[in-house]
Amino acid sequence: MPAIQAKGLERRFKGDIKAVDGIDLAIEPGEIYGFLGPNGAGKTTTVRMLVTLLMPTGGQALVAGHDVAKDPSAVRRNIGVALQEAALDPLMTGNELMLLQATLQGMSSKLAKERSVELIERVGLSEAADRRVGGYSGGMKRRLDLAMALVHGPSVLFLDEPTTGLDPSSRFQLWQEVSRLRTEGTTVFLTTQYLEEADQLADRVGIIADGKIVAEGTPDELKRESGASHLEINLAEGCDPSTAHQALAKIGAPEPAAEQRDVRVRLTDENAGVADAVRLLDDAGIMVEEIELVRPSLDDVFMEKTGRHLEGSGD
Amino acid sequence: MISATLALASRALTVALRRPQYLMPMLVFPSLLLAVNSGGLSQAQNLPGFPPVPSFFDFQIPAAISQSLLLGGVGTGIAVALELELGFFERLVAAPIPRSSIVLGRLLAAAAIAAVQVTWFLGLGMIFGHGVADGFIGALAVYAIGCTAAVGFAGIGLTLAFRAGNASSVQGIFPLVFVVLFLSSAFFPVDLLTSPVNEIARWNPLSYIATGMRAPIIGYGGTKAFLEGLAAAAGVAIFFGVLATHALHRRLRMG
């Protein structure tokens, strides 16, 4: 049975605005599912319904085998949640927040203390644990947020844009923690607007735009669907682009290039690469100044499916 | 439910004590008003119809406690509204605890803070040589009414916070604290107020709460005033406790 299952899940707001428009999900236990989309696409609304903070107005969703609308308490017992912005009380210490969260999850005092120490150490906050959270950096807050979400050992973890606003180093540290969850068998539902994040962490990616899932698959599947890789070649002065195109006809088809001296070739042979292209051009007496193999990205997939780029694609 | 309520109450209390800007106004402002009133209006005790009191200061202590407790209610509302604004509230709602424990935890913390407030003003009285006329039992009666009333005032703050969802709206009721106070018998006996204020004061539960706390302090009014005060405080606590729980559920339904 999937860890997260949704059928026709829908949420309308006042004025008949459909924030989530009948989405289907089937996420297997232990899977890291990346939910990708720009701001306002419906990511957070979907998460809020799945974690029982918002009632669906249509469809059905089961999380950890429990219906989010009919048995929200059972859902809450089985999930960990780290929402956007790491909402932590700045006047409490890391330790206090961990113990509070553990108590709210129904853990005994002894177990709560043991688990808090273990998780605080795991996310590298042992030295800061007795300091007030108001003095933590953004990365430290996120790591504490993650530790709090894991305190009761949930089978399903929801991370809503966990690295938004973090510096690259803090982002990397959080990625490492999420990757570690994979080895522990925790199902992770990760929303993000960072393509690299989805690419690095997710076993499968769902792309949401205007409340609908427009594409779903492994990152590699989606990229393959989006089209072939292509070569961007900058020729040496005096070299003829048409000769280069003829030389490269065995491995690809020419495409319009930005500059007169540039050659752009869409690869028709999946196994061909830079070395093949350089060899063919060398045989034809064409000198190359620069050559680059450009593989399709999730942003290309996003562009193809929605007709626009993702905000975080440049990050 | 009990452990969650106690954990949330303990947390609310810890955070309140770490936020001097939350605690100080509810102690300092009423203390200043107590000093001003008892210093400048003390001749009022010579008016015909004024109850026999050891001093006007004794008469004003329950008014200061009432003002402090009302400010505590506004403070509770602001604290919860800030949690709503900052998202911490969602962490509580996403936990597998009964929703009512979120309200009860806050109300319990308000009662505990009220004990500090009552101690402060009774302590001030003692420092200036004004004890509780009915002794230790009388002091317990003041704590009983004060802590129960604080639950009700916190309930008003919570209701507003859940309905408005932002701290600035809750803060906007701050002037109403003084309106409610002056439309009660907290500062002057109801029989010395003129119409229509005296009529309003007779319907204002705060009049009974203040008079109930005053009775053991000045040794006048007896058990009847105490019981009426406790009943009024309990009524306010139950009514606004239920209203706050209802407002929370409404907020969660609306998403």
# chains A, B, ... in the order shown; residues from 1 in each chain; ligands from 1
>>> interface_residues(of="chain A", to="chain B", cutoff="7 Å", atoms="only C-alpha atoms", output="list in words")
Val51, Leu53, Leu54, Ser73, Arg76, Arg77, Ala87, Leu88, Asp89, Leu91, Met92, Leu100, Thr103, Leu104 and Gln105 of chain A
>>> residues_around(residues="stretch 118-127 of chain A", least_positions_apart="5", cutoff="8 Å", atoms="only C-alpha atoms", output="ChimeraX atom specification")
/A:95,140,143-144,147,150-151,177
>>> closest_residue(among="B:Leu181, B:Val142, B:Leu206, B:Ala63", to="B:Gly235", atoms="only C-alpha atoms")
B:Leu206
>>> atom_distance(atom1="atom CA of B:Asp191", atom2="atom CA of B:Gly129")
28.0 Å
>>> residues_around(residues="B:Ala161", least_positions_apart="2", cutoff="12 Å", atoms="only C-alpha atoms", output="PyMOL selection string")
chain B and resi 73-85+89+103+154-159+163-173+243-245+247-248+251
>>> residues_around(residues="B:Phe136", least_positions_apart="4", cutoff="12 Å", atoms="only C-alpha atoms", output="PyMOL selection string")
chain B and resi 122+131-132+140-143+216-217
>>> residues_around(residues="B:Val28", least_positions_apart="4", cutoff="12 Å", atoms="only C-alpha atoms", output="PDB file with N, CA and C atoms, in the first residue's frame")
ATOM      1  N   PRO B  20      10.018  40.213  29.095  1.00  0.00           N
ATOM      2  CA  PRO B  20       9.697  41.277  30.054  1.00  0.00           C
ATOM      3  C   PRO B  20       8.688  42.268  29.492  1.00  0.00           C
ATOM      4  N   GLN B  21       8.733  42.507  28.203  1.00  0.00           N
ATOM      5  CA  GLN B  21       7.788  43.463  27.604  1.00  0.00           C
ATOM      6  C   GLN B  21       6.355  42.953  27.670  1.00  0.00           C
ATOM      7  N   TYR B  22       6.191  41.657  27.937  1.00  0.00           N
ATOM      8  CA  TYR B  22       4.851  41.073  28.109  1.00  0.00           C
ATOM      9  C   TYR B  22       4.409  41.217  29.562  1.00  0.00           C
ATOM     10  N   LEU B  23       5.305  40.917  30.468  1.00  0.00           N
ATOM     11  CA  LEU B  23       4.963  40.867  31.887  1.00  0.00           C
ATOM     12  C   LEU B  23       4.940  42.248  32.545  1.00  0.00           C
ATOM     13  N   MET B  24       5.899  43.093  32.184  1.00  0.00           N
ATOM     14  CA  MET B  24       6.042  44.360  32.906  1.00  0.00           C
ATOM     15  C   MET B  24       4.841  45.296  32.775  1.00  0.00           C
ATOM     16  N   LEU B  32       1.260  52.062  38.749  1.00  0.00           N
ATOM     17  CA  LEU B  32       1.314  53.526  38.629  1.00  0.00           C
ATOM     18  C   LEU B  32      -0.070  54.143  38.870  1.00  0.00           C
ATOM     19  N   LEU B  33      -1.090  53.510  38.260  1.00  0.00           N
ATOM     20  CA  LEU B  33      -2.453  54.025  38.438  1.00  0.00           C
ATOM     21  C   LEU B  33      -2.890  53.902  39.901  1.00  0.00           C
ATOM     22  N   LEU B  34      -2.445  52.814  40.542  1.00  0.00           N
ATOM     23  CA  LEU B  34      -2.742  52.617  41.965  1.00  0.00           C
ATOM     24  C   LEU B  34      -2.132  53.761  42.785  1.00  0.00           C
ATOM     25  N   ALA B  35      -0.873  54.110  42.452  1.00  0.00           N
ATOM     26  CA  ALA B  35      -0.180  55.185  43.183  1.00  0.00           C
ATOM     27  C   ALA B  35      -0.897  56.528  42.950  1.00  0.00           C
ATOM     28  N   ALA B  64      -6.512  47.642  40.834  1.00  0.00           N
ATOM     29  CA  ALA B  64      -5.214  47.419  40.175  1.00  0.00           C
ATOM     30  C   ALA B  64      -5.086  45.962  39.726  1.00  0.00           C
ATOM     31  N   ILE B  65      -5.532  45.042  40.588  1.00  0.00           N
ATOM     32  CA  ILE B  65      -5.470  43.609  40.213  1.00  0.00           C
ATOM     33  C   ILE B  65      -6.353  43.361  38.984  1.00  0.00           C
ATOM     34  N   GLN B  67      -7.289  45.476  36.675  1.00  0.00           N
ATOM     35  CA  GLN B  67      -6.658  46.068  35.484  1.00  0.00           C
ATOM     36  C   GLN B  67      -5.523  45.178  34.985  1.00  0.00           C
ATOM     37  N   SER B  68      -4.727  44.698  35.920  1.00  0.00           N
ATOM     38  CA  SER B  68      -3.594  43.840  35.559  1.00  0.00           C
ATOM     39  C   SER B  68      -4.063  42.552  34.884  1.00  0.00           C
ATOM     40  N   LEU B  71      -5.203  43.271  31.382  1.00  0.00           N
ATOM     41  CA  LEU B  71      -4.042  43.435  30.496  1.00  0.00           C
ATOM     42  C   LEU B  71      -3.397  42.081  30.200  1.00  0.00           C
ATOM     43  N   GLN B 117       0.546  37.986  39.502  1.00  0.00           N
ATOM     44  CA  GLN B 117      -0.013  39.350  39.514  1.00  0.00           C
ATOM     45  C   GLN B 117      -0.651  39.668  40.872  1.00  0.00           C
ATOM     46  N   TRP B 120       1.944  40.176  43.461  1.00  0.00           N
ATOM     47  CA  TRP B 120       2.597  41.483  43.291  1.00  0.00           C
ATOM     48  C   TRP B 120       1.803  42.590  44.003  1.00  0.00           C
ATOM     49  N   PHE B 121       0.501  42.630  43.761  1.00  0.00           N
ATOM     50  CA  PHE B 121      -0.296  43.735  44.315  1.00  0.00           C
ATOM     51  C   PHE B 121      -0.570  43.561  45.816  1.00  0.00           C
ATOM     52  N   LEU B 124       2.646  44.575  47.294  1.00  0.00           N
ATOM     53  CA  LEU B 124       2.790  46.045  47.320  1.00  0.00           C
ATOM     54  C   LEU B 124       2.049  46.626  48.518  1.00  0.00           C
TER      55      LEU B 124
END
>>> select_by_dssp(residues="stretch 147-289 of chain A", states="strand (DSSP E or B)", output="PyMOL selection string")
chain A and resi 156-160+187-192+204-209+212-217+230-235+252-255+262-267+288-289
>>> select_by_dssp(residues="stretch 39-225 of chain A", states="alpha helix (DSSP H)", output="ChimeraX atom specification")
/A:43-50,72-78,94-104,109-122,138-150,168-184,195-201,219-225
>>> atom_distance(atom1="atom CA of A:Gly34", atom2="atom CA of A:Gln193")
9.7 Å
>>> closest_residue(among="B:Met126, B:Ala215, B:Leu13, B:Met26", to="B:Pro52", atoms="only C-alpha atoms")
B:Ala215
>>> residues_around(residues="B:Leu104", least_positions_apart="3", cutoff="8 Å", atoms="only C-alpha atoms", output="count of residues only")
6
>>> residues_around(residues="A:Glu28", least_positions_apart="2", cutoff="6 Å", atoms="only C-alpha atoms", output="list in words")
Pro2, Ala3 and Glu31 of chain A
